[in-house]
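Structure file input-v5.tsv; described as TSV, C-alpha atoms.
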```tsv
chain	number	residue	atom	x	y	z
A	431	GLY	CA	0.00	0.00	0.00
A	432	LEU	CA	2.83	2.41	0.82
A	433	VAL	CA	4.48	1.76	-2.55
A	434	VAL	CA	1.22	2.62	-4.32
A	435	ALA	CA	0.56	5.70	-2.17
A	436	ASP	CA	4.11	6.99	-2.70
A	437	SER	CA	3.74	6.49	-6.45
A	438	PHE	CA	0.42	8.35	-6.53
A	439	LEU	CA	1.84	11.30	-4.60
A	440	ALA	CA	4.91	11.37	-6.86
A	441	SER	CA	2.63	11.52	-9.90
A	442	GLY	CA	0.80	14.55	-8.50
A	443	VAL	CA	-2.24	13.05	-6.79
A	444	ASP	CA	-3.47	15.49	-4.14
A	445	ARG	CA	-3.08	14.08	-0.62
A	446	ALA	CA	-5.90	16.29	0.70
A	447	ALA	CA	-8.30	14.97	-1.96
A	448	VAL	CA	-7.45	11.38	-1.06
A	449	ARG	CA	-7.89	12.17	2.63
A	450	SER	CA	-11.29	13.72	1.87
A	451	GLY	CA	-12.33	10.60	-0.05
A	452	LEU	CA	-11.30	8.41	2.89
A	453	ASP	CA	-13.23	10.63	5.30
A	454	GLU	CA	-16.33	10.17	3.15
A	455	ARG	CA	-15.97	6.40	3.55
A	456	GLY	CA	-16.41	6.75	7.30
A	457	ARG	CA	-15.52	3.61	9.23
A	458	CYS	CA	-15.57	1.11	6.36
A	459	ASN	CA	-13.15	-1.80	6.41
A	460	GLY	CA	-9.61	-0.73	5.64
A	461	VAL	CA	-10.13	3.02	5.98
A	462	ARG	CA	-8.14	3.31	9.21
A	463	LEU	CA	-5.18	1.50	7.65
A	464	ALA	CA	-5.52	3.53	4.44
A	465	ARG	CA	-5.29	6.75	6.49
A	466	LEU	CA	-2.15	5.47	8.22
A	467	VAL	CA	-0.56	4.59	4.88
A	468	LEU	CA	-1.52	7.96	3.42
A	469	ASP	CA	0.05	9.74	6.40
A	470	ALA	CA	3.26	7.74	5.93
A	471	ALA	CA	3.35	8.22	2.15
A	472	ASP	CA	5.97	10.47	0.59
A	473	GLY	CA	6.10	11.54	-3.04
A	474	GLY	CA	9.90	11.75	-2.81
A	475	ALA	CA	10.29	7.97	-3.00
A	476	GLU	CA	11.67	7.06	-6.40
A	477	SER	CA	11.34	3.29	-6.33
A	478	PRO	CA	9.35	0.51	-4.68
A	479	GLY	CA	12.56	-0.47	-2.84
A	480	GLU	CA	12.80	2.98	-1.24
A	481	SER	CA	9.14	2.76	-0.18
A	482	HIS	CA	9.69	-0.72	1.25
A	483	LEU	CA	12.72	0.55	3.17
A	484	ARG	CA	10.68	3.41	4.64
A	485	PHE	CA	7.99	0.89	5.61
A	486	VAL	CA	10.57	-1.12	7.57
A	487	LEU	CA	11.74	2.05	9.35
A	488	TRP	CA	8.13	2.93	10.15
A	489	ALA	CA	7.35	-0.57	11.45
A	490	TYR	CA	10.34	-0.54	13.77
A	491	GLY	CA	9.51	2.91	15.11
A	492	LEU	CA	12.47	4.85	13.73
A	493	PRO	CA	12.03	8.60	13.21
A	494	ARG	CA	10.53	9.47	9.86
A	495	PRO	CA	13.37	10.00	7.39
A	496	GLU	CA	13.56	12.77	4.84
A	497	THR	CA	13.42	11.63	1.23
A	498	GLN	CA	15.84	12.88	-1.41
A	499	VAL	CA	18.33	14.33	1.07
A	500	ARG	CA	20.44	17.02	-0.58
A	501	ILE	CA	24.15	16.76	0.19
A	502	SER	CA	26.61	19.44	-0.91
A	503	THR	CA	30.06	18.04	-1.61
A	504	HIS	CA	33.30	19.19	-3.24
A	505	ARG	CA	32.08	17.39	-6.39
A	506	GLY	CA	28.72	19.18	-6.41
A	507	ASP	CA	25.32	18.42	-4.97
A	508	TYR	CA	24.03	14.88	-4.66
A	509	TRP	CA	20.77	13.49	-3.37
A	510	ALA	CA	20.58	10.44	-1.17
A	511	ASP	CA	17.43	8.31	-1.25
A	512	LEU	CA	16.52	8.99	2.36
A	513	GLY	CA	17.97	9.71	5.74
A	514	TRP	CA	18.32	12.16	8.56
A	515	SER	CA	20.30	15.33	7.80
A	516	ARG	CA	20.46	16.30	11.48
A	517	TRP	CA	22.49	13.14	12.21
A	518	ARG	CA	24.27	13.10	8.84
A	519	VAL	CA	23.10	9.55	8.15
A	520	VAL	CA	21.69	8.58	4.76
A	521	LEU	CA	20.29	5.38	3.34
A	522	GLU	CA	20.77	4.36	-0.27
A	523	TYR	CA	18.54	1.69	-1.73
A	524	ASP	CA	20.63	-0.10	-4.35
A	525	GLY	CA	18.90	-2.02	-7.07
A	526	LEU	CA	20.85	-3.65	-9.87
A	527	GLY	CA	19.89	-0.87	-12.27
A	528	LYS	CA	22.16	1.56	-10.47
A	529	TYR	CA	25.21	-0.42	-11.53
A	530	ARG	CA	24.18	-1.32	-15.06
A	531	GLY	CA	24.80	2.22	-16.30
A	532	ASP	CA	22.88	4.43	-18.70
A	533	ALA	CA	22.56	3.70	-22.39
A	534	GLY	CA	26.05	3.70	-23.83
A	535	ASP	CA	27.79	3.28	-20.47
A	536	ASP	CA	29.34	0.04	-19.45
A	537	SER	CA	28.89	-1.30	-15.93
A	538	HIS	CA	32.46	-0.36	-15.00
A	539	GLU	CA	31.81	3.33	-15.72
A	540	ALA	CA	28.58	3.24	-13.71
A	541	LEU	CA	30.37	1.57	-10.79
A	542	ILE	CA	33.24	4.09	-10.81
A	543	ARG	CA	30.75	7.00	-11.00
A	544	GLU	CA	28.84	5.60	-8.02
A	545	LYS	CA	32.07	5.04	-6.08
A	546	ARG	CA	33.14	8.66	-6.61
A	547	ARG	CA	29.68	9.86	-5.51
A	548	HIS	CA	29.82	7.64	-2.42
A	549	ASP	CA	33.29	8.93	-1.47
A	550	ALA	CA	32.25	12.57	-1.92
A	551	ILE	CA	29.22	12.07	0.33
A	552	GLN	CA	31.37	10.44	3.02
A	553	GLU	CA	33.97	13.20	2.74
A	554	ALA	CA	31.15	15.70	3.36
A	555	GLY	CA	30.68	14.02	6.76
A	556	TYR	CA	27.76	11.71	6.04
A	557	ARG	CA	27.55	8.05	6.96
A	558	ILE	CA	25.91	5.87	4.35
A	559	VAL	CA	23.96	2.65	4.80
A	560	ARG	CA	23.58	0.77	1.53
A	561	VAL	CA	20.44	-1.35	1.40
A	562	THR	CA	19.43	-4.03	-1.09
A	563	LYS	CA	16.37	-6.22	-1.47
A	564	TYR	CA	18.26	-8.89	0.49
A	565	ASP	CA	18.56	-6.56	3.49
A	566	LEU	CA	14.82	-5.96	3.41
A	567	ARG	CA	14.31	-9.70	3.91
A	568	ARG	CA	16.17	-9.44	7.25
A	569	PRO	CA	14.71	-6.24	8.73
A	570	ASP	CA	15.92	-6.92	12.30
A	571	ASP	CA	19.53	-6.96	11.08
A	572	LEU	CA	19.00	-3.91	8.87
A	573	VAL	CA	17.51	-1.88	11.70
A	574	ARG	CA	20.45	-2.81	13.95
A	575	ARG	CA	22.87	-1.55	11.29
A	576	ILE	CA	21.00	1.74	11.04
A	577	LEU	CA	20.62	2.23	14.79
A	578	ALA	CA	24.38	1.80	15.22
A	579	LEU	CA	24.78	5.12	13.37
A	580	LEU	CA	22.04	7.07	15.15
A	581	PRO	CA	22.18	8.67	18.60
A	582	ARG	CA	21.57	6.26	21.46
A	583	GLU	CA	18.40	8.07	22.50
A	584	VAL	CA	16.81	7.11	19.18
A	585	ALA	CA	17.19	3.41	19.96
A	586	GLU	CA	15.99	3.99	23.51
A	587	SER	CA	12.83	5.77	22.37
A	588	LEU	CA	11.73	3.38	19.60
A	589	THR	CA	8.06	2.50	19.52
A	590	PRO	CA	7.86	-0.48	17.15
A	591	SER	CA	4.50	-1.65	15.84
A	592	ARG	CA	4.09	-5.41	16.26
A	593	GLU	CA	1.35	-5.35	13.63
A	594	LEU	CA	3.59	-3.67	11.04
A	595	ILE	CA	6.63	-5.80	11.94
A	596	LEU	CA	4.52	-8.88	11.23
A	597	LEU	CA	3.93	-7.51	7.75
A	598	CYS	CA	7.71	-6.95	7.32
A	599	THR	CA	8.86	-10.29	8.61
A	600	GLY	CA	5.95	-12.65	8.20
A	601	ARG	CA	6.34	-13.78	11.81
```
Final structure tokens representation of the file:
Amino acid sequence: GLVVADSFLASGVDRAAVRSGLDERGRCNGVRLARLVLDAADGGAESPGESHLRFVLWAYGLPRPETQVRISTHRGDYWADLGWSRWRVVLEYDGLGKYRGDAGDDSHEALIREKRRHDAIQEAGYRIVRVTKYDLRRPDDLVRRILALLPREVAESLTPSRELILLCTGR
């Protein structure tokens, strides 16, 4: 649901209009959950993987991340998929497409370009967590990796949702 809601917002669907439509439905089945998903949706997500990653963060009670975090570096400005500027921690969802390169590029050029981007972001003082679809299959481990980079009080104040974690883990 979050993937779909993110996609709708990214395409220009008006959040207020959707909210109004949900309000008209009253207390019908699924409306409460649809409102929660709409509140969590963010039009800045650029892929289903990024939406899925945000869902995991939401389920485990992490603070809501910013999407498309702008980072100024000596090589110019870059945008990270999501993260928390205040803690200088960003998350990059890496699908295979990122390393295949654009038309005309070979995979080596794409990999070198991404390596230079990664180094520039780190040199600007940011810590980067790279996430793949395999990490999303082990959300407990992924969340531990992320929490290791955030202030201790974040981990101490987590309010995970058992209901949402069940959706993430299937257990």
Could you give me, as a short mmCIF file (atom, residue, chain, number, x, y, z; two decimals) with C-alpha atoms, in the coordinates of the input, the residues within 10 Å of stretch 439-455 of chain A, counting all atoms listed in the file and dropping anything in the same chain fewer than 6 positions from it?
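Okay, this is what ended up in selection12.cif:
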```
data_model
loop_
_atom_site.label_atom_id
_atom_site.label_comp_id
_atom_site.auth_asym_id
_atom_site.auth_seq_id
_atom_site.Cartn_x
_atom_site.Cartn_y
_atom_site.Cartn_z
CA VAL A 461 -10.13 3.02 5.98
CA ARG A 462 -8.14 3.31 9.21
CA ALA A 464 -5.52 3.53 4.44
CA ARG A 465 -5.29 6.75 6.49
CA LEU A 468 -1.52 7.96 3.42
CA ASP A 469 0.05 9.74 6.40
CA ALA A 471 3.35 8.22 2.15
CA ASP A 472 5.97 10.47 0.59
CA GLY A 473 6.10 11.54 -3.04
CA GLY A 474 9.90 11.75 -2.81
CA ALA A 475 10.29 7.97 -3.00
CA GLU A 476 11.67 7.06 -6.40
#
```
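Nearest to A:Ser477 of all the residues A:Leu432, A:Leu579, A:Ala540, A:Val559 is A:Leu432, based on all atoms listed in the file.
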Within 12 Å of stretch 562-566 of chain A, which residues of stretch 431-528 of chain A show up? Give each one with its shortest atom-to-atom distance in Å (one decimal) and the two atoms involved, counting all atoms listed in the file, rows by chain then rising residue number, as a tab-separated table.
```
residue	atom	partner	partner_atom	distance
A:Ser477	CA	A:Lys563	CA	11.8
A:Pro478	CA	A:Lys563	CA	10.2
A:Gly479	CA	A:Lys563	CA	7.0
A:Glu480	CA	A:Thr562	CA	9.6
A:Ser481	CA	A:Leu566	CA	11.0
A:His482	CA	A:Leu566	CA	7.6
A:Leu483	CA	A:Leu566	CA	6.8
A:Arg484	CA	A:Leu566	CA	10.3
A:Phe485	CA	A:Leu566	CA	9.9
A:Val486	CA	A:Leu566	CA	7.7
A:Leu487	CA	A:Leu566	CA	10.4
A:Leu521	CA	A:Thr562	CA	10.4
A:Glu522	CA	A:Thr562	CA	8.5
A:Tyr523	CA	A:Thr562	CA	5.8
A:Asp524	CA	A:Thr562	CA	5.2
A:Gly525	CA	A:Thr562	CA	6.3
A:Leu526	CA	A:Thr562	CA	8.9
A:Gly527	CA	A:Thr562	CA	11.6
A:Lys528	CA	A:Thr562	CA	11.3
```
- Message: Here is a test: counting all atoms listed in the file, which residue of A:Glu496, A:Asp571, A:Asp549, A:Glu583 is nearest to A:Val519?
- Response: A:Glu496
- Task: Please determine the residues with any atom at most 12 Å from (31.9, 16.6, 1.6) (coordinates as given in the file, with all atoms listed in the file counting) and report them as a PyMOL selection string.
- Result: chain A and resi 500-508+518+546-557
- Query: Quick one: residues within 7 Å of stretch 512-517 of chain A, all atoms listed in the file counted, chain neighbours fewer than 5 positions away excluded, as a list of chain:residue names?
  - Reply: A:Pro495, A:Glu496, A:Thr497, A:Gln498, A:Val499, A:Glu522, A:Leu580
- If you count only C-alpha atoms, the residue of A:Arg567, A:Leu492, A:Leu572, A:Val584 closest to A:Thr599 turns out to be A:Arg567
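Interatomic distance, atom CA of A:Asp570 to atom CA of A:Tyr490: 8.6 Å.
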- Task: Kindly give the distance, in Å, that separates atom CA of A:Glu593 and atom CA of A:Val467, rounded to a single decimal.
- Result: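 Going from atom CA of A:Glu593 over to atom CA of A:Val467 covers 13.4 Å.
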- Item | Point-to-point distance in Å for atom CA of A:Trp488 and atom CA of A:Gly431 | 13.3 Å
- Task: Find, counting all atoms listed in the file, the residue in A:Ile595, A:Ile576, A:Ala585, A:Ala510 that gets nearest to A:Ala489.
- Result: A:Ile595
